[in-house]
Amino acid sequence: MDAKSTPPGTKAPRPRPFSPHIQIYRPQLTSVLSIANRATGVLLSLAAIGLVIWLSAAAAGPEPYAVVQRALVSWTGQVVLFGVTFAFFLHLCGGIRHLVWDTVHGFALRSIYISGWSVVAASAALTVAAWTGGLLVAGWR
Amino acid sequence: MSRRSFRSPLGRAIGLGSAKRGSRHWFAERATAVALVPLTVWFLASIVAHAGSDYTVFTAWLRTPFAAGAMVLLLVALFHHAALGLQVVIEDYVHSSARFAALIAIQLCCYGLSVIGIIAVLRVAFRS
């Protein structure tokens, strides 16, 4: 603030402290999950482009579909798909947590931590379950 | 110290949007989220069930009325939800003049991709 903005006869205002920004805080489960929900939302939007490419390839015929399928079963493709699966479950479970909050339930600090760790555990378990299921089904063919 | 404003509360509020539609974005985000819970779980379960299957088996599944219908609903809800969510991300982080262009681009991309996906599903479903 410069002196011009101070009305005559009043004390010069002390510079207001800035709020510490996110990189100063120690990461907490609450903030990390909040950021993760947004980040996975953006990531899943990108994955949705992949979904449209995959469906368009299926509509174009067996050869274009085989090209996309080869990319998906490659090592890189599988690692990306695994990451997207975990991101999906994190966003799904986090989203359900948000829907519960929308009903004005679960706002006690203890409830927030219980639901937070439940989201992490459920996302990890569901990702492992989905991939175990997929690999078993693929193995039977 | 902030300068005192001589504008009335009404004068400051006018032009900032309809007071009746303030919850529209919030509500649409929740409505699409509720729709996406069963749709995405169905989609993932179907993908797991078809792991390792070839083109013929996969398209035979996508041609069934239920799968085609659910896939179209998924594409509608998914890209509507993405458009609403990405809009908030841009509003929060983009403060430059690119903000307006980014907001328009997100809307166009999301609804464009949704239509491309739906047409792909219908092409598979109605192929003779």
# chains A, B, ... in the order shown; residues from 1 in each chain; ligands from 1
call {"tool": "select_by_dssp", "arguments": {"residues": "chain A", "states": "alpha helix (DSSP H)", "output": "PyMOL selection string"}}
result
chain A and resi 29-60+62-73+75-102+109-140
call {"tool": "interface_residues", "arguments": {"of": "chain B", "to": "chain A", "cutoff": "7 Å", "atoms": "only C-alpha atoms", "output": "number ranges by chain"}}
result
B: 48-49, 51-52, 55, 82, 86, 113, 116-117, 120-121, 123-124
call {"tool": "write_last_selection", "arguments": {"atoms": "C-alpha atoms", "output": "mmCIF file, in the first residue's frame"}}
result
data_model
loop_
_atom_site.group_PDB
_atom_site.id
_atom_site.type_symbol
_atom_site.label_atom_id
_atom_site.label_comp_id
_atom_site.auth_asym_id
_atom_site.auth_seq_id
_atom_site.Cartn_x
_atom_site.Cartn_y
_atom_site.Cartn_z
ATOM 1 C CA VAL B 48 -13.081 -56.807 -16.921
ATOM 2 C CA ALA B 49 -15.543 -59.473 -18.143
ATOM 3 C CA ALA B 51 -10.616 -58.856 -20.963
ATOM 4 C CA GLY B 52 -8.700 -60.631 -23.718
ATOM 5 C CA TYR B 55 -13.196 -57.800 -31.960
ATOM 6 C CA ALA B 82 -16.089 -33.426 -17.177
ATOM 7 C CA LEU B 86 -12.919 -28.679 -15.845
ATOM 8 C CA LEU B 113 -16.097 -35.727 -27.916
ATOM 9 C CA ILE B 116 -18.134 -38.480 -31.576
ATOM 10 C CA GLY B 117 -18.322 -41.277 -28.988
ATOM 11 C CA ALA B 120 -19.221 -44.514 -32.802
ATOM 12 C CA VAL B 121 -21.445 -46.583 -30.488
ATOM 13 C CA ARG B 123 -22.355 -47.145 -35.843
ATOM 14 C CA VAL B 124 -21.419 -50.400 -34.110
#
call {"tool": "residues_around", "arguments": {"residues": "Leu39 of chain B", "least_positions_apart": "5", "cutoff": "12 Å", "atoms": "only C-alpha atoms", "output": "PyMOL selection string"}}
result
(chain A and resi 92) or (chain B and resi 32-34+44-46+66-78)
call {"tool": "write_last_selection", "arguments": {"atoms": "N, CA and C atoms", "output": "PDB file, in the first residue's frame"}}
result
ATOM      1  N   LEU A  92     -14.056 -42.026  -7.841  1.00  0.00           N
ATOM      2  CA  LEU A  92     -15.375 -42.602  -7.533  1.00  0.00           C
ATOM      3  C   LEU A  92     -15.631 -42.580  -6.024  1.00  0.00           C
TER       4      LEU A  92
ATOM      5  N   THR B  32     -25.000 -35.579 -12.436  1.00  0.00           N
ATOM      6  CA  THR B  32     -24.183 -36.404 -13.319  1.00  0.00           C
ATOM      7  C   THR B  32     -23.321 -37.365 -12.508  1.00  0.00           C
ATOM      8  N   ALA B  33     -22.879 -36.934 -11.321  1.00  0.00           N
ATOM      9  CA  ALA B  33     -22.064 -37.802 -10.458  1.00  0.00           C
ATOM     10  C   ALA B  33     -22.874 -39.019 -10.028  1.00  0.00           C
ATOM     11  N   VAL B  34     -24.129 -38.787  -9.629  1.00  0.00           N
ATOM     12  CA  VAL B  34     -24.992 -39.898  -9.201  1.00  0.00           C
ATOM     13  C   VAL B  34     -25.232 -40.852 -10.372  1.00  0.00           C
ATOM     14  N   LEU B  44     -16.770 -50.635 -16.162  1.00  0.00           N
ATOM     15  CA  LEU B  44     -15.535 -51.291 -15.731  1.00  0.00           C
ATOM     16  C   LEU B  44     -15.744 -52.796 -15.582  1.00  0.00           C
ATOM     17  N   ALA B  45     -16.898 -53.193 -14.992  1.00  0.00           N
ATOM     18  CA  ALA B  45     -17.196 -54.621 -14.834  1.00  0.00           C
ATOM     19  C   ALA B  45     -17.284 -55.296 -16.197  1.00  0.00           C
ATOM     20  N   SER B  46     -17.873 -54.610 -17.188  1.00  0.00           N
ATOM     21  CA  SER B  46     -17.991 -55.176 -18.537  1.00  0.00           C
ATOM     22  C   SER B  46     -16.625 -55.329 -19.182  1.00  0.00           C
ATOM     23  N   PHE B  66     -28.925 -53.088 -24.439  1.00  0.00           N
ATOM     24  CA  PHE B  66     -28.585 -52.602 -23.099  1.00  0.00           C
ATOM     25  C   PHE B  66     -27.197 -51.963 -23.084  1.00  0.00           C
ATOM     26  N   ALA B  67     -26.212 -52.683 -23.666  1.00  0.00           N
ATOM     27  CA  ALA B  67     -24.840 -52.167 -23.657  1.00  0.00           C
ATOM     28  C   ALA B  67     -24.739 -50.864 -24.452  1.00  0.00           C
ATOM     29  N   ALA B  68     -25.365 -50.832 -25.642  1.00  0.00           N
ATOM     30  CA  ALA B  68     -25.303 -49.622 -26.466  1.00  0.00           C
ATOM     31  C   ALA B  68     -25.975 -48.447 -25.755  1.00  0.00           C
ATOM     32  N   GLY B  69     -27.147 -48.702 -25.167  1.00  0.00           N
ATOM     33  CA  GLY B  69     -27.875 -47.656 -24.454  1.00  0.00           C
ATOM     34  C   GLY B  69     -27.097 -47.137 -23.258  1.00  0.00           C
ATOM     35  N   ALA B  70     -26.546 -48.063 -22.462  1.00  0.00           N
ATOM     36  CA  ALA B  70     -25.784 -47.667 -21.283  1.00  0.00           C
ATOM     37  C   ALA B  70     -24.509 -46.909 -21.683  1.00  0.00           C
ATOM     38  N   MET B  71     -23.899 -47.319 -22.799  1.00  0.00           N
ATOM     39  CA  MET B  71     -22.681 -46.651 -23.246  1.00  0.00           C
ATOM     40  C   MET B  71     -22.982 -45.213 -23.694  1.00  0.00           C
ATOM     41  N   VAL B  72     -24.127 -45.024 -24.377  1.00  0.00           N
ATOM     42  CA  VAL B  72     -24.521 -43.673 -24.791  1.00  0.00           C
ATOM     43  C   VAL B  72     -24.787 -42.813 -23.546  1.00  0.00           C
ATOM     44  N   LEU B  73     -25.508 -43.366 -22.576  1.00  0.00           N
ATOM     45  CA  LEU B  73     -25.776 -42.638 -21.327  1.00  0.00           C
ATOM     46  C   LEU B  73     -24.472 -42.292 -20.616  1.00  0.00           C
ATOM     47  N   LEU B  74     -23.525 -43.258 -20.613  1.00  0.00           N
ATOM     48  CA  LEU B  74     -22.222 -43.027 -19.987  1.00  0.00           C
ATOM     49  C   LEU B  74     -21.511 -41.854 -20.654  1.00  0.00           C
ATOM     50  N   LEU B  75     -21.520 -41.824 -21.994  1.00  0.00           N
ATOM     51  CA  LEU B  75     -20.829 -40.747 -22.717  1.00  0.00           C
ATOM     52  C   LEU B  75     -21.474 -39.392 -22.439  1.00  0.00           C
ATOM     53  N   VAL B  76     -22.818 -39.367 -22.352  1.00  0.00           N
ATOM     54  CA  VAL B  76     -23.521 -38.112 -22.061  1.00  0.00           C
ATOM     55  C   VAL B  76     -23.157 -37.607 -20.660  1.00  0.00           C
ATOM     56  N   ALA B  77     -23.306 -38.495 -19.655  1.00  0.00           N
ATOM     57  CA  ALA B  77     -23.061 -38.097 -18.261  1.00  0.00           C
ATOM     58  C   ALA B  77     -21.589 -37.781 -18.028  1.00  0.00           C
ATOM     59  N   LEU B  78     -20.692 -38.613 -18.613  1.00  0.00           N
ATOM     60  CA  LEU B  78     -19.253 -38.460 -18.402  1.00  0.00           C
ATOM     61  C   LEU B  78     -18.757 -37.103 -18.907  1.00  0.00           C
TER      62      LEU B  78
END
call {"tool": "residues_around", "arguments": {"residues": "Cys109 of chain B", "least_positions_apart": "5", "cutoff": "9 Å", "atoms": "only C-alpha atoms", "output": "PyMOL selection string"}}
result
chain B and resi 83+104+114
call {"tool": "atom_distance", "arguments": {"atom1": "atom CA of Asn37 of chain A", "atom2": "atom CA of Trp26 of chain B"}}
result
16.1 Å
call {"tool": "residues_around", "arguments": {"residues": "His25 of chain B", "least_positions_apart": "6", "cutoff": "12 Å", "atoms": "only C-alpha atoms", "output": "PDB file with N, CA and C atoms, in the first residue's frame"}}
result
ATOM      1  N   ALA B  31     -25.888 -34.333 -10.058  1.00  0.00           N
ATOM      2  CA  ALA B  31     -26.792 -35.224 -10.789  1.00  0.00           C
ATOM      3  C   ALA B  31     -25.993 -36.146 -11.719  1.00  0.00           C
ATOM      4  N   THR B  32     -25.000 -35.579 -12.436  1.00  0.00           N
ATOM      5  CA  THR B  32     -24.183 -36.404 -13.319  1.00  0.00           C
ATOM      6  C   THR B  32     -23.321 -37.365 -12.508  1.00  0.00           C
ATOM      7  N   HIS B  80     -20.562 -34.420 -19.740  1.00  0.00           N
ATOM      8  CA  HIS B  80     -21.218 -33.303 -19.061  1.00  0.00           C
ATOM      9  C   HIS B  80     -20.521 -33.041 -17.719  1.00  0.00           C
ATOM     10  N   HIS B  81     -20.251 -34.117 -16.984  1.00  0.00           N
ATOM     11  CA  HIS B  81     -19.565 -34.022 -15.692  1.00  0.00           C
ATOM     12  C   HIS B  81     -18.153 -33.450 -15.871  1.00  0.00           C
ATOM     13  N   ALA B  83     -17.089 -31.519 -18.329  1.00  0.00           N
ATOM     14  CA  ALA B  83     -17.179 -30.104 -18.713  1.00  0.00           C
ATOM     15  C   ALA B  83     -17.404 -29.227 -17.481  1.00  0.00           C
ATOM     16  N   LEU B  84     -18.297 -29.683 -16.587  1.00  0.00           N
ATOM     17  CA  LEU B  84     -18.594 -28.910 -15.375  1.00  0.00           C
ATOM     18  C   LEU B  84     -17.373 -28.840 -14.464  1.00  0.00           C
ATOM     19  N   GLY B  85     -16.683 -29.967 -14.308  1.00  0.00           N
ATOM     20  CA  GLY B  85     -15.523 -30.026 -13.419  1.00  0.00           C
ATOM     21  C   GLY B  85     -14.352 -29.228 -13.955  1.00  0.00           C
ATOM     22  N   LEU B  86     -14.053 -29.389 -15.252  1.00  0.00           N
ATOM     23  CA  LEU B  86     -12.919 -28.679 -15.845  1.00  0.00           C
ATOM     24  C   LEU B  86     -13.175 -27.172 -15.865  1.00  0.00           C
ATOM     25  N   GLN B  87     -14.450 -26.785 -15.989  1.00  0.00           N
ATOM     26  CA  GLN B  87     -14.804 -25.361 -15.944  1.00  0.00           C
ATOM     27  C   GLN B  87     -14.361 -24.752 -14.608  1.00  0.00           C
ATOM     28  N   VAL B  88     -14.620 -25.478 -13.512  1.00  0.00           N
ATOM     29  CA  VAL B  88     -14.231 -24.975 -12.190  1.00  0.00           C
ATOM     30  C   VAL B  88     -12.712 -24.891 -12.058  1.00  0.00           C
TER      31      VAL B  88
END
call {"tool": "atom_distance", "arguments": {"atom1": "atom CA of Ala124 of chain A", "atom2": "atom CA of Thr30 of chain A"}}
result
17.4 Å
call {"tool": "atom_distance", "arguments": {"atom1": "atom CA of Ser23 of chain B", "atom2": "atom CA of Phe107 of chain A"}}
result
21.5 Å
